[in-house]
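Engineer: final_33.cif (mmCIF, C-alpha atoms and all ligand atoms) pasted underneath:
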data_target
loop_
_atom_site.label_atom_id
_atom_site.label_comp_id
_atom_site.auth_asym_id
_atom_site.auth_seq_id
_atom_site.Cartn_x
_atom_site.Cartn_y
_atom_site.Cartn_z
CA MET A 1 147.95 22.46 -25.39
CA SER A 2 146.70 25.88 -26.40
CA HIS A 3 149.12 28.81 -26.64
CA LEU A 4 147.30 30.51 -23.76
CA ALA A 5 147.55 27.45 -21.51
CA SER A 6 151.28 27.10 -22.13
CA GLU A 7 151.83 30.82 -21.35
CA GLN A 8 149.89 30.37 -18.11
CA ASP A 9 151.98 27.32 -17.19
CA LYS A 10 155.19 29.26 -17.80
CA ALA A 11 153.94 32.14 -15.61
CA ALA A 12 153.02 29.76 -12.80
CA ALA A 13 156.44 28.09 -12.98
CA ALA A 14 158.15 31.51 -12.68
CA GLY A 15 156.34 32.12 -9.38
CA PRO A 16 154.09 34.95 -8.24
CA LEU A 17 154.83 38.52 -9.29
CA GLY A 18 154.04 41.50 -7.06
CA VAL A 19 153.66 45.17 -7.97
CA TYR A 20 154.40 47.84 -5.37
CA VAL A 21 153.36 51.43 -6.10
CA HIS A 22 154.75 54.12 -3.81
CA VAL A 23 152.32 57.06 -3.68
CA PRO A 24 154.54 59.75 -2.14
CA PHE A 25 152.02 62.21 -0.71
CA CYS A 26 151.09 63.11 2.87
CA ALA A 27 149.30 66.11 4.33
CA SER A 28 151.99 66.38 7.02
CA THR A 29 154.91 64.32 8.32
CA CYS A 30 154.34 62.08 11.34
CA ASP A 31 157.04 62.34 14.00
CA PHE A 32 158.19 58.71 13.56
CA CYS A 33 158.03 58.27 9.80
CA ALA A 34 160.99 58.06 7.43
CA PHE A 35 159.10 56.92 4.31
CA TYR A 36 159.62 59.25 1.36
CA GLN A 37 156.72 61.67 0.89
CA THR A 38 156.08 65.20 -0.25
CA LYS A 39 153.24 67.74 -0.39
CA PRO A 40 150.40 66.80 -2.77
CA THR A 41 150.32 69.89 -5.00
CA VAL A 42 148.40 69.69 -8.29
CA GLY A 43 151.68 69.76 -10.25
CA ALA A 44 153.32 67.08 -8.10
CA ILE A 45 150.33 64.73 -8.47
CA GLU A 46 150.26 65.24 -12.25
CA SER A 47 153.99 64.57 -12.47
CA PHE A 48 153.61 61.42 -10.34
CA LEU A 49 150.79 59.98 -12.47
CA ALA A 50 152.59 60.73 -15.72
CA GLY A 51 155.80 59.27 -14.26
CA VAL A 52 154.14 56.00 -13.23
CA ASP A 53 152.75 55.72 -16.75
CA GLU A 54 156.24 56.22 -18.19
CA GLU A 55 157.79 53.82 -15.69
CA THR A 56 155.36 50.99 -16.48
CA LYS A 57 156.47 51.25 -20.12
CA LEU A 58 160.11 50.72 -19.14
CA VAL A 59 159.42 47.57 -17.09
CA LYS A 60 159.95 44.17 -18.69
CA TRP A 61 156.63 42.54 -17.81
CA HIS A 62 157.29 38.83 -18.22
CA ARG A 63 153.98 37.70 -16.72
CA PRO A 64 150.83 39.14 -15.13
CA ALA A 65 151.01 40.38 -11.55
CA THR A 66 149.46 38.17 -8.88
CA THR A 67 149.42 40.78 -6.10
CA MET A 68 149.59 44.56 -5.91
CA PHE A 69 150.28 46.89 -2.98
CA TRP A 70 149.89 50.67 -2.99
CA GLY A 71 151.77 52.18 -0.08
CA GLY A 72 153.29 55.46 0.77
CA GLY A 73 152.81 58.03 1.71
CA THR A 74 149.08 57.94 1.69
CA PRO A 75 147.46 56.83 -1.57
CA GLY A 76 144.25 58.29 -0.10
CA MET A 77 145.66 61.79 -0.67
CA LEU A 78 144.79 61.35 -4.36
CA ALA A 79 141.39 62.60 -5.55
CA PRO A 80 138.95 59.86 -6.67
CA ARG A 81 139.57 60.61 -10.38
CA ASP A 82 143.35 60.34 -9.87
CA LEU A 83 142.95 57.05 -7.99
CA ALA A 84 140.92 55.76 -10.94
CA ARG A 85 143.56 56.95 -13.40
CA LEU A 86 146.42 55.36 -11.45
CA ALA A 87 144.45 52.11 -11.10
CA ALA A 88 143.68 51.95 -14.81
CA LEU A 89 147.21 52.54 -15.96
CA VAL A 90 148.91 50.15 -13.52
CA ARG A 91 146.30 47.46 -14.09
CA ALA A 92 146.65 47.70 -17.86
CA ALA A 93 150.46 47.47 -17.65
CA SER A 94 150.60 44.58 -15.19
CA GLY A 95 148.04 42.26 -16.76
CA GLY A 96 144.70 43.16 -15.17
CA ALA A 97 143.40 43.26 -11.60
CA PRO A 98 145.46 40.89 -9.43
CA ALA A 99 143.96 38.37 -6.99
CA GLU A 100 145.07 40.45 -3.99
CA TRP A 101 145.36 44.24 -4.20
CA THR A 102 146.05 46.26 -1.06
CA VAL A 103 145.81 50.04 -0.68
CA GLU A 104 147.13 51.82 2.43
CA LEU A 105 144.88 54.59 3.65
CA ALA A 106 145.36 57.06 6.49
CA PRO A 107 142.05 57.32 8.40
CA SER A 108 141.66 61.04 7.65
CA SER A 109 141.67 60.33 3.90
CA VAL A 110 138.93 57.68 3.86
CA THR A 111 135.81 58.85 2.01
CA ALA A 112 132.96 56.79 0.53
CA GLU A 113 133.79 58.15 -2.94
CA ARG A 114 137.46 57.10 -2.81
CA LEU A 115 136.48 53.67 -1.48
CA ALA A 116 133.93 53.20 -4.28
CA VAL A 117 136.57 54.00 -6.91
CA LEU A 118 139.03 51.54 -5.35
CA ARG A 119 136.44 48.76 -5.08
CA HIS A 120 135.37 49.31 -8.66
CA ALA A 121 139.01 49.15 -9.81
CA GLY A 122 139.46 45.72 -8.18
CA VAL A 123 141.13 46.57 -4.85
CA THR A 124 140.52 43.71 -2.41
CA ARG A 125 142.28 44.84 0.74
CA VAL A 126 142.50 48.09 2.68
CA SER A 127 145.23 48.74 5.25
CA MET A 128 144.66 51.62 7.63
CA GLY A 129 147.29 53.27 9.83
CA VAL A 130 145.52 53.59 13.21
CA GLN A 131 148.67 53.51 15.42
CA SER A 132 146.68 54.12 18.64
CA PHE A 133 143.15 54.86 19.81
CA GLN A 134 144.39 57.26 22.48
CA PRO A 135 144.44 60.97 21.70
CA ALA A 136 147.49 61.73 23.87
CA LEU A 137 149.56 58.97 22.22
CA LEU A 138 148.42 60.03 18.73
CA ASP A 139 149.48 63.59 19.57
CA GLY A 140 152.87 62.32 20.71
CA LEU A 141 153.32 60.74 17.26
CA GLY A 142 152.35 63.90 15.41
CA ARG A 143 149.39 62.10 13.80
CA GLN A 144 146.69 64.12 12.11
CA HIS A 145 143.71 61.92 12.96
CA THR A 146 141.51 61.49 16.03
CA PRO A 147 140.02 58.21 17.33
CA VAL A 148 136.61 59.39 16.08
CA GLN A 149 138.02 59.61 12.54
CA VAL A 150 139.34 56.06 12.87
CA TYR A 151 135.89 54.72 13.82
CA ARG A 152 134.21 56.63 10.99
CA ALA A 153 136.82 55.48 8.45
CA TYR A 154 136.59 51.86 9.59
CA GLU A 155 132.81 51.89 9.25
CA ARG A 156 133.10 53.29 5.72
CA VAL A 157 135.72 50.70 4.73
CA ARG A 158 133.52 47.88 6.05
CA ALA A 159 130.43 49.30 4.35
CA ALA A 160 132.32 49.37 1.04
CA GLY A 161 132.72 45.57 1.28
CA PHE A 162 136.46 44.91 0.82
CA ALA A 163 137.43 41.25 1.19
CA SER A 164 140.09 42.02 3.80
CA VAL A 165 140.86 44.89 6.15
CA ASN A 166 144.09 45.46 8.06
CA LEU A 167 144.76 47.89 10.88
CA ASP A 168 148.30 49.05 11.80
CA LEU A 169 149.04 49.67 15.47
CA MET A 170 152.28 50.88 17.03
CA PHE A 171 153.68 50.12 20.47
CA ALA A 172 156.56 51.10 22.76
CA LEU A 173 155.51 54.71 22.20
CA PRO A 174 157.07 57.31 24.50
CA GLY A 175 155.30 57.14 27.86
CA GLN A 176 152.98 54.28 26.84
CA THR A 177 152.14 51.92 29.69
CA ALA A 178 151.46 48.19 29.32
CA ALA A 179 147.81 48.84 30.24
CA GLU A 180 147.47 51.51 27.52
CA TRP A 181 148.90 49.13 24.92
CA ALA A 182 146.61 46.28 26.02
CA ALA A 183 143.66 48.70 25.71
CA ASP A 184 144.71 49.64 22.15
CA VAL A 185 144.97 45.97 21.12
CA GLN A 186 141.61 45.27 22.76
CA GLU A 187 139.96 48.14 20.93
CA ALA A 188 141.39 46.97 17.60
CA VAL A 189 140.09 43.44 18.28
CA ARG A 190 136.66 44.87 19.12
CA LEU A 191 136.49 46.35 15.61
CA ALA A 192 137.22 42.84 14.24
CA PRO A 193 139.58 43.54 11.33
CA ASP A 194 140.75 40.52 9.32
CA HIS A 195 144.42 41.33 9.83
CA LEU A 196 146.48 43.29 12.34
CA SER A 197 150.01 44.65 12.01
CA THR A 198 151.59 45.67 15.30
CA TYR A 199 154.85 47.56 14.90
CA CYS A 200 157.33 48.32 17.64
CA LEU A 201 158.30 51.99 17.29
CA THR A 202 161.68 52.35 15.65
CA PHE A 203 163.48 55.66 15.91
CA GLU A 204 164.34 56.33 12.28
CA GLU A 205 167.19 58.73 11.61
CA ASP A 206 166.21 62.38 11.12
CA THR A 207 162.60 61.95 12.23
CA ALA A 208 161.25 64.29 14.94
CA LEU A 209 161.20 61.41 17.45
CA TRP A 210 164.80 60.51 16.63
CA VAL A 211 165.81 64.09 17.42
CA LYS A 212 163.99 63.78 20.77
CA LEU A 213 165.82 60.50 21.46
CA SER A 214 169.20 61.98 20.64
CA GLN A 215 168.45 64.93 22.96
CA GLY A 216 167.54 62.52 25.78
CA ARG A 217 163.93 63.74 25.84
CA VAL A 218 162.66 60.18 25.32
CA LYS A 219 164.34 56.93 26.39
CA LEU A 220 164.53 53.39 25.05
CA ASP A 221 163.46 50.57 27.38
CA PRO A 222 164.13 47.17 25.71
CA GLU A 223 162.67 45.19 28.62
CA HIS A 224 159.39 47.11 28.54
CA GLU A 225 159.36 46.61 24.74
CA ALA A 226 159.81 42.84 25.15
CA ARG A 227 156.95 42.69 27.67
CA LEU A 228 154.68 44.54 25.24
CA TYR A 229 155.63 42.15 22.41
CA GLU A 230 154.79 39.11 24.53
CA SER A 231 151.51 40.52 25.80
CA THR A 232 150.43 41.29 22.19
CA TRP A 233 151.07 37.73 21.05
CA ALA A 234 149.03 36.26 23.91
CA GLN A 235 146.18 38.77 23.52
CA LEU A 236 145.86 38.32 19.75
CA ALA A 237 146.12 34.52 19.89
CA ALA A 238 143.26 34.50 22.41
CA ALA A 239 141.21 36.67 20.02
CA GLY A 240 141.71 34.27 17.08
CA TYR A 241 144.50 36.09 15.22
CA ALA A 242 147.34 33.75 14.25
CA GLN A 243 150.77 35.30 14.17
CA TYR A 244 152.57 34.55 10.89
CA GLU A 245 155.40 37.08 11.10
CA VAL A 246 157.05 39.08 13.89
CA SER A 247 154.63 42.01 13.38
CA ASN A 248 151.72 40.40 11.51
CA PHE A 249 148.60 38.52 12.59
CA ALA A 250 145.64 37.27 10.58
CA ARG A 251 142.37 35.47 10.83
CA PRO A 252 142.25 32.27 8.74
CA GLY A 253 142.54 33.05 5.02
CA HIS A 254 143.65 36.66 5.51
CA VAL A 255 147.47 36.67 5.48
CA CYS A 256 148.92 39.34 3.19
CA ARG A 257 150.12 37.29 0.21
CA HIS A 258 151.97 40.23 -1.30
CA ASN A 259 154.19 40.65 1.76
CA LEU A 260 154.61 36.89 2.18
CA ASN A 261 155.78 36.60 -1.43
CA THR A 262 158.41 39.30 -0.93
CA TRP A 263 159.62 37.61 2.29
CA HIS A 264 159.83 34.34 0.33
CA MET A 265 162.11 36.16 -2.14
CA GLN A 266 159.67 36.12 -5.05
CA GLU A 267 159.80 38.91 -7.65
CA TRP A 268 158.13 42.29 -7.46
CA VAL A 269 158.15 45.43 -9.59
CA GLY A 270 158.36 48.75 -7.71
CA LEU A 271 156.89 51.89 -9.26
CA GLY A 272 157.17 55.48 -8.00
CA PRO A 273 159.88 57.44 -6.19
CA SER A 274 161.72 55.39 -3.51
CA ALA A 275 159.98 52.14 -4.55
CA ALA A 276 162.22 49.07 -4.40
CA SER A 277 162.15 46.31 -7.04
CA GLN A 278 163.37 42.74 -7.16
CA HIS A 279 162.81 41.71 -10.71
CA ASP A 280 164.40 40.64 -13.96
CA GLY A 281 167.67 39.61 -12.33
CA TRP A 282 168.34 42.74 -10.28
CA ARG A 283 167.34 44.48 -7.06
CA GLY A 284 167.39 48.21 -6.35
CA ALA A 285 165.34 51.19 -5.21
CA ASN A 286 164.17 54.22 -7.14
CA VAL A 287 165.58 57.59 -6.13
CA SER A 288 163.65 59.11 -3.19
CA ASP A 289 162.83 62.37 -4.92
CA LEU A 290 159.81 62.97 -7.13
CA ASP A 291 161.54 65.48 -9.45
CA GLN A 292 164.71 63.43 -9.96
CA TRP A 293 162.68 60.26 -10.50
CA ARG A 294 160.58 62.01 -13.11
CA ALA A 295 163.53 63.70 -14.83
CA GLN A 296 165.27 60.36 -15.30
CA LEU A 297 162.09 58.70 -16.59
CA SER A 298 161.62 61.44 -19.17
CA ARG A 299 165.09 60.54 -20.50
CA GLY A 300 163.74 57.01 -21.00
CA GLU A 301 165.58 55.47 -18.03
CA ARG A 302 164.35 53.97 -14.78
CA ALA A 303 165.58 55.98 -11.79
CA THR A 304 166.94 53.02 -9.84
CA GLU A 305 169.87 53.48 -7.50
CA ASP A 306 172.04 50.78 -5.86
CA ARG A 307 171.24 48.17 -8.49
CA VAL A 308 172.74 44.81 -7.61
CA ALA A 309 172.56 41.52 -9.48
CA LEU A 310 170.21 39.01 -7.85
CA THR A 311 172.66 36.24 -7.14
CA PRO A 312 171.52 33.00 -5.47
CA ALA A 313 173.77 33.90 -2.48
CA LEU A 314 172.04 37.27 -2.01
CA LEU A 315 168.61 35.62 -2.24
CA ALA A 316 169.64 32.86 0.18
CA GLU A 317 170.89 35.43 2.72
CA ASP A 318 167.65 37.39 2.64
CA ALA A 319 165.54 34.22 2.55
CA MET A 320 167.18 33.23 5.84
CA ILE A 321 166.79 36.68 7.44
CA PHE A 322 163.14 37.17 6.42
CA GLY A 323 162.27 33.47 6.74
CA LEU A 324 163.35 33.42 10.37
CA ARG A 325 160.91 36.29 11.04
CA LEU A 326 158.06 34.06 9.83
CA ASN A 327 156.35 31.72 12.30
CA ALA A 328 156.64 28.97 9.69
CA GLY A 329 160.42 29.50 9.60
CA VAL A 330 162.67 28.74 6.64
CA ASP A 331 163.59 25.57 4.77
CA VAL A 332 167.36 25.67 5.06
CA ALA A 333 167.96 22.52 2.96
CA ALA A 334 165.90 23.91 0.07
CA TRP A 335 167.96 27.11 0.02
CA ARG A 336 171.18 25.16 0.42
CA ALA A 337 170.27 23.12 -2.66
CA ARG A 338 169.41 26.28 -4.60
CA CYS A 339 172.61 28.05 -3.62
CA PRO A 340 175.29 25.51 -2.70
CA GLU A 341 178.15 28.03 -2.88
CA ALA A 342 176.90 30.24 0.01
CA PRO A 343 178.84 29.99 3.30
CA TRP A 344 176.52 27.32 4.78
CA PRO A 345 178.99 25.97 7.38
CA ALA A 346 179.00 29.39 9.13
CA VAL A 347 175.19 29.60 8.86
CA GLU A 348 174.78 26.07 10.27
CA VAL A 349 177.04 26.93 13.24
CA LEU A 350 174.93 30.01 13.96
CA LEU A 351 171.63 28.12 13.66
CA ALA A 352 172.92 25.30 15.92
CA ARG A 353 173.86 27.92 18.52
CA CYS A 354 170.38 29.50 18.26
CA VAL A 355 168.82 26.05 18.80
CA ALA A 356 171.13 25.32 21.77
CA GLU A 357 170.23 28.68 23.36
CA GLY A 358 166.49 28.07 22.94
CA LEU A 359 166.11 30.83 20.35
CA ALA A 360 165.21 28.48 17.48
CA VAL A 361 163.93 24.98 16.84
CA GLN A 362 164.72 22.69 13.95
CA GLU A 363 162.12 20.31 12.52
CA ASP A 364 163.50 18.29 9.60
CA SER A 365 165.12 20.88 7.35
CA ARG A 366 163.02 23.78 8.63
CA VAL A 367 164.31 26.22 11.26
CA ARG A 368 162.04 28.64 13.04
CA LEU A 369 162.46 31.01 15.96
CA THR A 370 160.87 30.29 19.34
CA ASP A 371 158.91 33.05 21.10
CA ARG A 372 162.14 34.05 22.88
CA GLY A 373 164.01 34.02 19.56
CA ARG A 374 161.33 36.17 17.92
CA LEU A 375 161.91 38.83 20.60
CA LEU A 376 165.52 38.91 19.38
CA ALA A 377 164.71 38.59 15.64
CA ASP A 378 166.64 41.75 14.72
CA SER A 379 169.87 40.59 16.38
CA VAL A 380 169.50 37.07 14.94
CA GLY A 381 169.05 38.71 11.50
CA ALA A 382 172.23 40.77 12.02
CA GLU A 383 174.14 37.58 12.89
CA VAL A 384 172.81 35.80 9.79
CA MET A 385 174.02 38.73 7.71
CA GLU A 386 177.46 38.45 9.31
CA ALA A 387 177.59 34.70 8.64
CA PHE A 388 177.00 35.39 4.94
CA GLN A 389 179.85 37.91 4.67
CA PRO A 390 182.95 36.59 2.91
CA PRO A 391 185.90 36.25 5.30
CA ILE A 392 188.33 39.20 5.22
CA LEU A 393 191.62 37.83 3.90
CA ALA A 394 194.78 39.13 5.62
C1 LIG A 401 154.24 53.30 5.23
S1 LIG A 401 153.25 53.63 6.60
C2 LIG A 401 151.92 54.26 5.64
C3 LIG A 401 150.58 54.20 6.25
C4 LIG A 401 149.69 55.39 6.02
N1 LIG A 401 150.33 56.47 5.39
C5 LIG A 401 149.21 55.88 7.36
O1 LIG A 401 150.02 56.54 8.01
O2 LIG A 401 148.09 55.60 7.72
C6 LIG A 401 152.75 52.01 7.12
C7 LIG A 401 152.85 51.75 8.60
O3 LIG A 401 154.19 51.63 9.01
C8 LIG A 401 154.27 51.85 10.40
N2 LIG A 401 155.45 52.65 10.67
C9 LIG A 401 155.92 53.67 9.93
N3 LIG A 401 157.06 54.17 10.50
C10 LIG A 401 157.29 53.44 11.61
C11 LIG A 401 158.29 53.48 12.63
N4 LIG A 401 159.26 54.37 12.61
N5 LIG A 401 158.22 52.56 13.63
C12 LIG A 401 157.24 51.63 13.65
N6 LIG A 401 156.25 51.58 12.73
C13 LIG A 401 156.28 52.47 11.73
C14 LIG A 401 152.97 52.56 10.82
O4 LIG A 401 152.19 51.70 11.61
C15 LIG A 401 152.29 52.83 9.49
O5 LIG A 401 150.90 52.77 9.58
S1 LIG A 402 153.00 57.42 8.72
FE1 LIG A 402 151.77 57.57 6.90
S2 LIG A 402 150.77 59.63 7.04
FE2 LIG A 402 152.45 59.63 8.49
S3 LIG A 402 154.14 60.56 7.34
FE3 LIG A 402 154.35 58.31 7.18
S4 LIG A 402 153.34 57.79 5.32
FE4 LIG A 402 152.66 59.87 5.85
#
For this file, produce the structure as structure tokens.
Structural biologist:
Amino acid sequence: MSHLASEQDKAAAAGPLGVYVHVPFCASTCDFCAFYQTKPTVGAIESFLAGVDEETKLVKWHRPATTMFWGGGTPGMLAPRDLARLAALVRAASGGAPAEWTVELAPSSVTAERLAVLRHAGVTRVSMGVQSFQPALLDGLGRQHTPVQVYRAYERVRAAGFASVNLDLMFALPGQTAAEWAADVQEAVRLAPDHLSTYCLTFEEDTALWVKLSQGRVKLDPEHEARLYESTWAQLAAAGYAQYEVSNFARPGHVCRHNLNTWHMQEWVGLGPSAASQHDGWRGANVSDLDQWRAQLSRGERATEDRVALTPALLAEDAMIFGLRLNAGVDVAAWRARCPEAPWPAVEVLLARCVAEGLAVQEDSRVRLTDRGRLLADSVGAEVMEAFQPPILA
């Protein structure tokens, strides 16, 4: 066997490797968003690009990346030459252009020139934050784009010829009726993207919408939310989009492999301020501050906070939580074999209760949530977490 073939075999045995790059720039802050971002000044962009270069040199790259995801923030805030520079340096560090490479773009940042640079670099997938097609709802979210910009951006993305295009939509927005949500889903389907992510609005601490919620200016309505969830699933199934995760739907061959790999507890390297990593035996997130991240990198250290060792028990816990959010469910026996010392009796009791209550079904060693269970995925996840906690000794 040649040296190259044996290296490739070793890489395949170690599983897929993802790279996540957090591009922390936005023109303004949307009222719902808690992702770390800052203003894209010339100095900040230069510091970010130099920092990513430094960070890639501190990563232990054991094998080439199989997927890459640029999120944010809005990577589209970078000028075409800066996109090209970022692409070249990350690609060189991580072993070339991966099979799947997603870039998130806000509609207002989509230009033919930026798209051409991304295509040329090897990007295969564009994900665009649409949120809604209705001006009043977009205003209520503090979004900068108009529906017309969405249509123009989508046309440009399609014309550029990416293999896969995702649109993000949000529901349970303040004042949004069921009919308005159905119209948004219908309009997204009419554009015929390959993938759709539909997120239920969460009120993240310290966002403008969270302030409104705490002042009683907007209200939560879990029953309305549940009705919107269910209507989405039916509408998208009828349009040929298969649900594969609580918030994600795809046409055949278009699931996001990068996200699936992270939910299956594979490894990924996170680059940029606030980016999380799960790699090389540890998990942690970079500091959410461009200057601090950069300062630490210039001292030759990665700026990761909350580093924890990746124990089999930690991986098993998260494999259960994220696996139950997948329509395919999770292979409990496989994880039990991989991590026999985890508190499986407590987990089995919980899963049996979920099955008895009609929230989950078990087929051989695989457990998956039913439609009713998927509506309660967050609370099931919280209970799984509890089951994995060591008992408090008196
Ligand atoms: C990290 S954001 C970046 C996308 C890109 N910057 C844009 O806005 O077009 C990815 C997606 O997460 C979703 N999202 C962000 N904050 C959310 C929240 N608080 N509740 C629900 N969905 C949210 C939005 O749909 C958004 O498009
Ligand atoms: S949703 Fe996107 S554009 Fe809006 S603040 Fe968050 S990252 Fe920036």
Engineer: Take every atom of ligand LIG 402 (chain A) listed in the file, fit an axis-aligned box around them, add 6 Å per side, and give the centre and edge lengths in Å to one decimal as AutoDock Vina command-line options.
Structural biologist:
--center_x 152.6 --center_y 59.0 --center_z 7.0 --size_x 15.6 --size_y 15.1 --size_z 15.4
Engineer: Excluding range 118-132 of chain A and residues on its chain fewer than 3 positions from it, collect all residues at most 8 Å away from it, counting all atoms listed in the file, and give them as a ChimeraX atom specification.
Structural biologist: /A:83-84,87-88,97-107,114-115,135,137-138,147,150,157,160,162-171,184
Engineer: List all protein, DNA and RNA residues that have any atom at most 12 Å from ligand LIG 402 (chain A), counting only C-alpha atoms and all ligand atoms, and write the list as a PyMOL selection string.
Structural biologist: chain A and resi 22-40+70-77+104-109+127-131+138+141-145+168-170+199+201+204+207-208
Engineer: Of the residues A:Val117, A:Met68, A:Leu209, A:Ala50, which is the one nearest to ligand LIG 401 (chain A), using all atoms listed in the file?
Structural biologist: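 Smallest distance to ligand LIG 401 (chain A) is found for A:Leu209.
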Engineer: In Å, how far is it from CA of Arg227 in chain A to CA of Ala172 in chain A?
Structural biologist: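 CA of Ala172 in chain A lies 9.7 Å from CA of Arg227 in chain A.
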Engineer: A:Leu310, A:Val185, A:Met385, A:Leu326: which is nearest Arg366 in chain A, counting all atoms listed in the file?
Structural biologist: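 When distances to Arg366 in chain A are compared using all atoms listed in the file, the smallest one comes from A:Leu326.
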Engineer: Here is a test: counting all atoms listed in the file, which residue of A:Phe249, A:Trp61, A:Tyr229, A:Phe203 is nearest to Ala93 in chain A?
Structural biologist: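 Closest to Ala93 in chain A, using all atoms listed in the file: A:Trp61.
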Engineer: Could you pull out every residue with an atom within 6 Å of (162.8, 51.7, -16.0), file coordinates, counting all atoms listed in the file, and send them as an NGL selection string?
Structural biologist: :A and (55 or 58-59 or 301-302)
Engineer: Between CA of Asp289 in chain A and CA of Ser274 in chain A, what is the distance in Å, rounded to a tenth?
Structural biologist: 7.2 Å
Engineer: Record the distance separating CA of Tyr20 in chain A and CA of Phe69 in chain A, expressed in Å with one decimal.
Structural biologist: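 CA of Phe69 in chain A lies at a distance of 4.9 Å from CA of Tyr20 in chain A.
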